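Here is entry.csv, consisting of CSV, C-alpha atoms:
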chain,number,residue,atom,x,y,z
A,170,MET,CA,-147.2,-73.7,18.3
A,171,SER,CA,-143.7,-74.4,16.9
A,172,THR,CA,-143.5,-70.8,15.6
A,173,ARG,CA,-144.4,-69.4,19.1
A,174,ILE,CA,-141.7,-71.6,20.7
A,175,SER,CA,-139.2,-70.6,18.1
A,176,ASP,CA,-139.9,-66.8,18.6
A,177,HIS,CA,-139.6,-67.3,22.4
A,178,LYS,CA,-136.2,-68.9,22.0
A,179,LYS,CA,-135.0,-66.2,19.7
A,180,ARG,CA,-136.0,-63.5,22.1
A,181,ALA,CA,-134.5,-65.3,25.0
A,182,ALA,CA,-131.2,-65.6,23.1
A,183,LEU,CA,-131.3,-61.9,22.3
A,184,VAL,CA,-131.7,-61.1,26.0
A,185,ALA,CA,-128.8,-63.4,26.9
A,186,ALA,CA,-126.6,-61.7,24.3
A,187,CYS,CA,-127.6,-58.2,25.6
A,188,LEU,CA,-126.7,-59.3,29.1
A,189,LEU,CA,-123.3,-60.6,27.9
A,190,LEU,CA,-122.5,-57.4,26.1
A,191,ALA,CA,-123.6,-55.3,29.1
A,192,SER,CA,-121.2,-57.1,31.4
A,193,CYS,CA,-118.2,-57.3,29.0
A,194,GLY,CA,-116.0,-54.7,27.5
A,195,GLY,CA,-116.4,-53.4,23.9
A,196,GLY,CA,-113.5,-55.1,22.2
A,197,GLY,CA,-113.2,-55.6,18.5
A,198,LEU,CA,-114.0,-59.3,18.2
A,199,ASP,CA,-117.1,-61.0,16.9
A,200,PHE,CA,-119.0,-63.5,19.0
A,201,GLY,CA,-117.7,-66.4,17.0
A,202,LEU,CA,-121.3,-67.9,16.9
A,203,GLY,CA,-121.7,-67.6,13.2
A,204,ARG,CA,-121.9,-65.1,10.4
A,205,ALA,CA,-123.0,-61.5,11.2
A,206,ALA,CA,-126.7,-61.1,11.1
A,207,ASP,CA,-128.8,-58.3,9.6
A,208,ALA,CA,-129.4,-55.5,12.2
A,209,PRO,CA,-131.2,-52.6,10.4
A,210,ALA,CA,-131.5,-49.3,12.2
A,211,GLU,CA,-135.2,-49.0,11.2
A,212,VAL,CA,-138.0,-50.8,9.5
A,213,ALA,CA,-141.3,-49.8,7.8
A,214,VAL,CA,-144.4,-51.7,8.8
A,215,THR,CA,-148.1,-51.6,7.9
A,216,ALA,CA,-149.6,-50.7,4.5
A,217,ASP,CA,-148.9,-47.0,4.9
A,218,ARG,CA,-145.2,-47.7,5.9
A,219,ILE,CA,-144.9,-46.4,9.4
A,220,VAL,CA,-141.2,-46.3,10.2
A,221,VAL,CA,-140.0,-47.7,13.6
A,222,THR,CA,-136.5,-46.8,14.7
A,223,GLY,CA,-134.9,-46.4,18.1
A,224,PRO,CA,-132.2,-44.4,19.8
A,225,GLU,CA,-128.5,-44.8,19.0
A,226,GLY,CA,-127.2,-48.3,19.6
A,227,PHE,CA,-130.6,-50.0,19.2
A,228,CYS,CA,-131.4,-52.0,16.1
A,229,VAL,CA,-134.4,-53.9,14.7
A,230,ASP,CA,-134.5,-57.7,15.2
A,231,PRO,CA,-135.9,-58.8,11.8
A,232,THR,CA,-136.8,-62.3,13.2
A,233,ALA,CA,-139.2,-60.7,15.7
A,234,THR,CA,-140.8,-58.2,13.3
A,235,ARG,CA,-144.5,-58.8,12.5
A,236,ASP,CA,-146.3,-56.9,9.8
A,237,THR,CA,-149.8,-57.8,8.7
A,238,GLY,CA,-150.3,-54.7,6.7
A,239,ASP,CA,-153.0,-53.7,9.1
A,240,THR,CA,-150.9,-53.7,12.3
A,241,GLY,CA,-147.2,-54.1,13.1
A,242,PHE,CA,-144.9,-55.2,15.9
A,243,VAL,CA,-141.2,-54.5,16.1
A,244,LEU,CA,-138.6,-55.6,18.7
A,245,LEU,CA,-135.4,-53.6,19.0
A,246,GLY,CA,-132.3,-54.5,21.0
A,247,ASN,CA,-128.5,-54.0,21.3
A,248,CYS,CA,-127.2,-53.7,17.7
A,249,ALA,CA,-124.1,-55.7,18.6
A,250,ALA,CA,-126.2,-58.5,20.0
A,251,ILE,CA,-128.5,-58.6,17.0
A,252,ALA,CA,-125.7,-58.3,14.4
A,253,ASN,CA,-123.6,-60.9,16.3
A,254,SER,CA,-120.7,-58.5,16.3
A,255,ARG,CA,-119.1,-56.3,18.9
A,256,ARG,CA,-118.1,-54.0,16.1
A,257,ALA,CA,-121.7,-52.8,15.9
A,258,ALA,CA,-123.0,-49.9,18.0
A,259,GLN,CA,-124.2,-50.5,21.5
A,260,PRO,CA,-126.8,-48.4,23.5
A,261,GLN,CA,-125.6,-46.5,26.5
A,262,SER,CA,-128.4,-48.0,28.6
A,263,PRO,CA,-129.0,-51.7,27.7
A,264,ALA,CA,-132.7,-52.6,27.3
A,265,LEU,CA,-135.2,-54.1,25.0
A,266,LEU,CA,-137.6,-51.9,23.1
A,267,THR,CA,-140.9,-52.8,21.5
A,268,ALA,CA,-143.2,-50.9,19.2
A,269,ALA,CA,-146.8,-51.9,18.5
A,270,ILE,CA,-148.5,-50.1,15.7
A,271,SER,CA,-152.3,-50.2,15.7
A,272,ALA,CA,-154.8,-50.5,12.9
A,273,PRO,CA,-155.7,-47.2,11.2
A,274,SER,CA,-158.8,-45.2,12.2
A,275,GLY,CA,-160.3,-42.0,11.2
A,276,ASP,CA,-162.6,-41.8,14.2
A,277,GLY,CA,-160.4,-39.7,16.5
A,278,ARG,CA,-156.9,-39.1,17.9
A,279,LEU,CA,-155.3,-40.5,21.1
A,280,ALA,CA,-154.1,-36.9,21.9
A,281,ASP,CA,-157.8,-35.8,22.3
A,282,SER,CA,-158.4,-38.4,25.0
A,283,ILE,CA,-155.2,-37.9,27.0
A,284,PRO,CA,-157.0,-36.3,30.0
A,285,GLU,CA,-159.0,-39.6,30.5
A,286,LEU,CA,-156.1,-42.0,30.1
A,287,ASP,CA,-154.8,-42.0,33.7
A,288,GLY,CA,-158.2,-42.8,35.0
A,289,PHE,CA,-158.8,-45.5,32.4
A,290,PHE,CA,-155.5,-47.3,33.0
A,291,ARG,CA,-156.1,-47.4,36.7
A,292,SER,CA,-159.6,-49.0,36.3
A,293,PRO,CA,-160.1,-52.7,36.4
A,294,GLU,CA,-160.6,-52.8,32.6
A,295,GLY,CA,-157.5,-50.7,31.9
A,296,LEU,CA,-155.4,-52.9,34.3
A,297,SER,CA,-156.7,-56.0,32.5
A,298,LEU,CA,-155.6,-54.6,29.2
A,299,LEU,CA,-152.1,-53.8,30.5
A,300,SER,CA,-151.7,-57.3,32.0
A,301,ARG,CA,-150.0,-59.8,29.8
A,302,ALA,CA,-152.3,-62.4,31.2
A,303,GLY,CA,-155.4,-60.2,31.3
A,304,GLU,CA,-155.4,-60.2,35.1
A,305,PRO,CA,-156.0,-56.8,36.7
A,306,ASP,CA,-154.5,-57.9,40.0
A,307,SER,CA,-151.1,-58.6,38.4
A,308,VAL,CA,-150.6,-55.0,37.3
A,309,GLN,CA,-149.9,-51.8,39.2
A,310,VAL,CA,-149.7,-48.4,37.6
A,311,LEU,CA,-146.8,-46.6,39.3
A,312,GLU,CA,-146.6,-43.3,37.5
A,313,THR,CA,-148.1,-41.5,34.5
A,314,ALA,CA,-147.2,-38.3,32.7
A,315,THR,CA,-148.4,-36.3,29.8
A,316,VAL,CA,-145.8,-34.6,27.7
A,317,GLY,CA,-146.9,-32.9,24.5
A,318,ASP,CA,-149.2,-35.3,22.6
A,319,ALA,CA,-147.6,-38.4,24.2
A,320,PHE,CA,-149.0,-40.2,27.3
A,321,LEU,CA,-146.3,-42.0,29.3
A,322,LEU,CA,-147.0,-44.8,31.8
A,323,HIS,CA,-144.8,-46.7,34.3
A,324,ALA,CA,-146.3,-50.0,35.3
A,325,SER,CA,-145.3,-53.3,36.9
A,326,ASP,CA,-146.7,-56.6,35.7
A,327,THR,CA,-146.1,-59.8,37.6
A,328,SER,CA,-147.9,-62.1,35.2
A,329,ALA,CA,-146.0,-64.4,33.0
A,330,GLY,CA,-144.5,-62.6,30.0
A,331,ALA,CA,-143.7,-63.4,26.4
A,332,ILE,CA,-140.1,-62.3,26.9
A,333,ASP,CA,-137.9,-63.9,29.6
A,334,GLY,CA,-135.0,-62.1,31.2
A,335,VAL,CA,-136.6,-58.6,31.6
A,336,GLN,CA,-137.8,-56.7,34.7
A,337,PRO,CA,-141.5,-56.9,35.7
A,338,ASP,CA,-141.8,-53.1,35.4
A,339,TYR,CA,-141.7,-51.2,32.2
A,340,TRP,CA,-142.1,-47.7,30.8
A,341,ARG,CA,-144.4,-47.1,27.9
A,342,ALA,CA,-145.5,-44.2,25.6
A,343,TYR,CA,-148.8,-43.9,23.6
A,344,LEU,CA,-148.9,-41.5,20.8
A,345,ASP,CA,-150.5,-40.8,17.4
A,346,VAL,CA,-148.6,-41.7,14.3
A,347,GLY,CA,-150.7,-40.6,11.4
A,348,PRO,CA,-154.0,-42.4,11.6
A,349,ARG,CA,-152.5,-45.0,13.9
A,350,ILE,CA,-151.5,-45.3,17.6
A,351,ALA,CA,-148.0,-46.3,18.4
A,352,THR,CA,-147.3,-48.1,21.7
A,353,LEU,CA,-143.6,-47.8,22.5
A,354,SER,CA,-142.1,-49.7,25.5
A,355,VAL,CA,-138.8,-49.9,27.3
A,356,LEU,CA,-138.1,-53.2,29.1
A,357,ALA,CA,-135.1,-53.2,31.4
A,358,LEU,CA,-133.0,-56.4,31.4
A,359,GLU,CA,-133.4,-58.7,34.4
A,360,ASP,CA,-129.7,-58.4,35.4
A,361,ARG,CA,-129.3,-54.8,34.5
A,362,ALA,CA,-132.0,-52.6,36.0
A,363,LEU,CA,-132.5,-49.1,34.8
A,364,ASP,CA,-133.2,-46.3,37.2
A,365,ARG,CA,-136.1,-43.8,36.5
A,366,GLU,CA,-133.9,-41.3,34.8
A,367,GLU,CA,-132.3,-43.8,32.5
A,368,SER,CA,-135.7,-45.3,31.6
A,369,LEU,CA,-137.2,-42.0,30.8
A,370,ALA,CA,-134.2,-40.9,28.8
A,371,VAL,CA,-134.4,-44.1,26.6
A,372,LEU,CA,-138.2,-43.7,26.3
A,373,THR,CA,-138.2,-40.1,25.3
A,374,SER,CA,-135.4,-40.8,22.8
A,375,PHE,CA,-137.4,-43.6,21.4
A,376,VAL,CA,-140.5,-41.4,21.0
A,377,ASN,CA,-138.5,-38.6,19.4
A,378,ALA,CA,-136.9,-41.1,17.0
A,379,VAL,CA,-140.2,-42.5,15.9
A,380,GLN,CA,-141.8,-39.0,15.6
A,381,ALA,CA,-138.9,-37.7,13.5
A,382,ALA,CA,-138.9,-40.8,11.2
A,383,ASN,CA,-142.7,-40.2,10.5
A,384,SER,CA,-142.6,-36.4,10.5
A,385,ALA,CA,-144.6,-36.1,7.3
A,386,PRO,CA,-147.7,-38.0,8.4
A,387,VAL,CA,-147.4,-36.9,12.0
A,388,THR,CA,-148.8,-33.4,11.7
A,389,ASN,CA,-150.1,-32.9,15.3
A,390,ALA,CA,-147.6,-34.7,17.5
A,391,ALA,CA,-145.4,-32.5,19.7
A,392,PRO,CA,-141.9,-33.8,20.2
A,393,VAL,CA,-141.2,-35.1,23.7
A,394,PRO,CA,-138.4,-33.1,25.4
A,395,ALA,CA,-135.6,-35.0,27.1
A,396,GLN,CA,-135.5,-32.9,30.2
A,397,ALA,CA,-137.1,-34.0,33.5
A,398,LEU,CA,-140.7,-34.9,33.1
A,399,PRO,CA,-143.6,-33.7,35.3
A,400,VAL,CA,-144.7,-37.1,36.4
A,401,GLN,CA,-147.9,-37.4,38.3
A,402,ALA,CA,-147.9,-40.1,41.0
A,403,ALA,CA,-151.3,-39.2,42.4
A,404,PRO,CA,-153.4,-42.0,44.0
A,405,PRO,CA,-155.8,-43.8,41.7
A,406,PRO,CA,-159.0,-41.8,41.1
A,407,PRO,CA,-162.4,-43.2,42.2
A,408,PRO,CA,-164.1,-45.8,39.9
A,409,VAL,CA,-165.3,-44.3,36.7
A,410,ALA,CA,-168.3,-46.5,36.0
A,411,PRO,CA,-170.5,-49.0,37.8
A,412,ALA,CA,-169.9,-51.5,34.9
A,413,GLN,CA,-166.4,-51.3,33.7
A,414,GLY,CA,-166.7,-53.9,31.0
A,415,THR,CA,-169.7,-52.4,29.2
A,416,PRO,CA,-168.9,-49.4,27.0
A,417,ARG,CA,-172.4,-48.1,27.0
A,418,ASN,CA,-172.3,-47.8,30.8
A,419,MET,CA,-169.2,-45.6,30.7
A,420,PRO,CA,-169.7,-42.0,32.0
A,421,ARG,CA,-169.8,-39.2,29.4
A,422,ALA,CA,-166.2,-38.3,30.0
A,423,LEU,CA,-165.0,-41.6,28.7
A,424,GLU,CA,-167.6,-42.1,25.9
A,425,PRO,CA,-165.4,-40.7,23.2
A,426,LEU,CA,-162.7,-43.4,23.9
A,427,TRP,CA,-165.2,-46.2,23.2
A,428,ASN,CA,-166.9,-44.4,20.4
A,429,VAL,CA,-163.6,-44.4,18.4
A,430,GLY,CA,-162.6,-47.8,19.6
A,431,LEU,CA,-159.4,-46.2,21.1
A,432,PHE,CA,-158.3,-49.0,23.4
A,433,ARG,CA,-159.3,-51.8,21.0
A,434,ARG,CA,-156.9,-50.1,18.6
A,435,ILE,CA,-154.2,-50.1,21.2
A,436,PHE,CA,-154.6,-53.6,22.4
A,437,GLY,CA,-156.6,-55.4,19.7
Could you write out this structure as structure tokens?
Amino acid sequence: MSTRISDHKKRAALVAACLLLASCGGGGLDFGLGRAADAPAEVAVTADRIVVTGPEGFCVDPTATRDTGDTGFVLLGNCAAIANSRRAAQPQSPALLTAAISAPSGDGRLADSIPELDGFFRSPEGLSLLSRAGEPDSVQVLETATVGDAFLLHASDTSAGAIDGVQPDYWRAYLDVGPRIATLSVLALEDRALDREESLAVLTSFVNAVQAANSAPVTNAAPVPAQALPVQAAPPPPPVAPAQGTPRNMPRALEPLWNVGLFRRIFG
């Protein structure tokens, strides 16, 4: 429990520092809160060393990185806030970024199941998985888009979150990175909302950075262009199955997702 409380305080402090930097001028002075901290531009996680890096001005928070060898989690924020120095780079659009790297699997690729993802995430089971509290009623899928081999999702989650000081809505990308699935998220700061264009620009830059850093193992991923995205905001499709929680009752169109454990890899 003490570790979870400590992590929560560290993330809250990072958000506060990002808000301070967003509201103040650049300057050349350090914060004066202690010695400069480590703020790497990238980090390699999992046994096969998947590299996570962000757009310019975003650095890895080493205190929030989790690497079990099987899966990985990385938090990125304002380099100046993490380094405790205004001399460090700052992003053009202040936000927090997260990257979750799934366990490896040789059963299939996320890109092969992209046509079914919109329907799944709008289903009760998909909404439950998107919710931080596991409550489908707390989540609304606002938009989705498919660009190259990446599936983009814009959602709002009103349930209690693990990181205070951020907006309830977020932009997220799902993509294959070698035999793993990367879930990349952009969280706008509570006191510094990002409009749609800013959020998409940060997300696509994040996707491009991760794909470029893992270009050798990522043989089938198409880079996400930075131009305007063809987002589909169509109303939710009809229910896809009479028993959402039981994989064997899924219709044939969704069976491949469960056969390869796709969503258990994303959210497990």
(message) Report, in Å to a single decimal, how far apart CA of Cys248 (chain A) and CA of Ala208 (chain A) are.
(response) 6.2 Å
(request) Skip region 225-230 of chain A itself and residues of its chain fewer than 6 positions away, then list as a ChimeraX atom specification all residues within 10 Å of it, counting all atoms listed in the file. (result) /A:179-180,183,206-212,243-252,257-267,371,374-375,378
(request) For region 298-307 of chain A, list every protein, DNA or RNA residue within 6 Å, evaluated using all atoms listed in the file, and leave out those in the same chain fewer than 4 positions away; present the list as a PyMOL selection string. (result) chain A and resi 293+326-328
(message) Nearest residue to Leu321 (chain A) out of A:Asp364, A:Asp345, A:Ile350, A:Leu372, using all atoms listed in the file?
(response)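 Checking each of A:Asp364, A:Asp345, A:Ile350, A:Leu372 against Leu321 (chain A), counting all atoms listed in the file, the winner is A:Leu372.
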(request) State, in Å with one decimal place, the distance from CA of Ala351 (chain A) to CA of Ala269 (chain A). (result) 5.7 Å
(message) When you look at Phe290 (chain A) with a cut-off of 10 Å (counting only C-alpha atoms), what residues show up, excluding the ones that are within fewer than 3 positions of it in the same chain? I need them as number ranges by chain.
(response) A: 285-287, 293-299, 309-310, 313, 322, 324, 405
Selection near Ala280 (chain A), 7 Å with all atoms listed in the file, sequence-local residues under 2 positions removed, as a PDB file with C-alpha atoms, in the frame of the given file:
ATOM      1  CA  ARG A 278    -156.900 -39.100  17.900  1.00  0.00           C
ATOM      2  CA  SER A 282    -158.400 -38.400  25.000  1.00  0.00           C
ATOM      3  CA  ILE A 283    -155.200 -37.900  27.000  1.00  0.00           C
ATOM      4  CA  ASP A 318    -149.200 -35.300  22.600  1.00  0.00           C
ATOM      5  CA  ASP A 345    -150.500 -40.800  17.400  1.00  0.00           C
TER       6      ASP A 345
END
(request) For CA of Asp239 (chain A) and CA of Val214 (chain A), determine how far apart the two atoms are, in Å to one decimal place. (result) 8.8 Å
(request) Write out as a list in words the residues lying within 7 Å of Ser354 (chain A), counting all atoms listed in the file and excluding same-chain residues fewer than 6 positions away. (result) Leu266, Thr267, Ala268, Tyr339, Trp340, Arg341 and Ala342 of chain A
(request) Kindly indicate which residue among A:Leu353, A:Ile219, A:Ala370, A:Val335 lies nearest to Phe320 (chain A), using all atoms listed in the file for the distances. (result)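 When distances to Phe320 (chain A) are compared using all atoms listed in the file, the smallest one comes from A:Leu353.
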(request) Find the residue from A:Val308, A:Arg235, A:Arg218, A:Ala319 that sits nearest to Thr352 (chain A); use all atoms listed in the file when measuring. (result)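 Nearest to Thr352 (chain A): A:Ala319.
Between Pro273 (chain A) and the residues A:Ala233, A:Val221, A:Leu311, A:Ala216, the shortest atom-to-atom distance, using all atoms listed in the file, involves A:Ala216.
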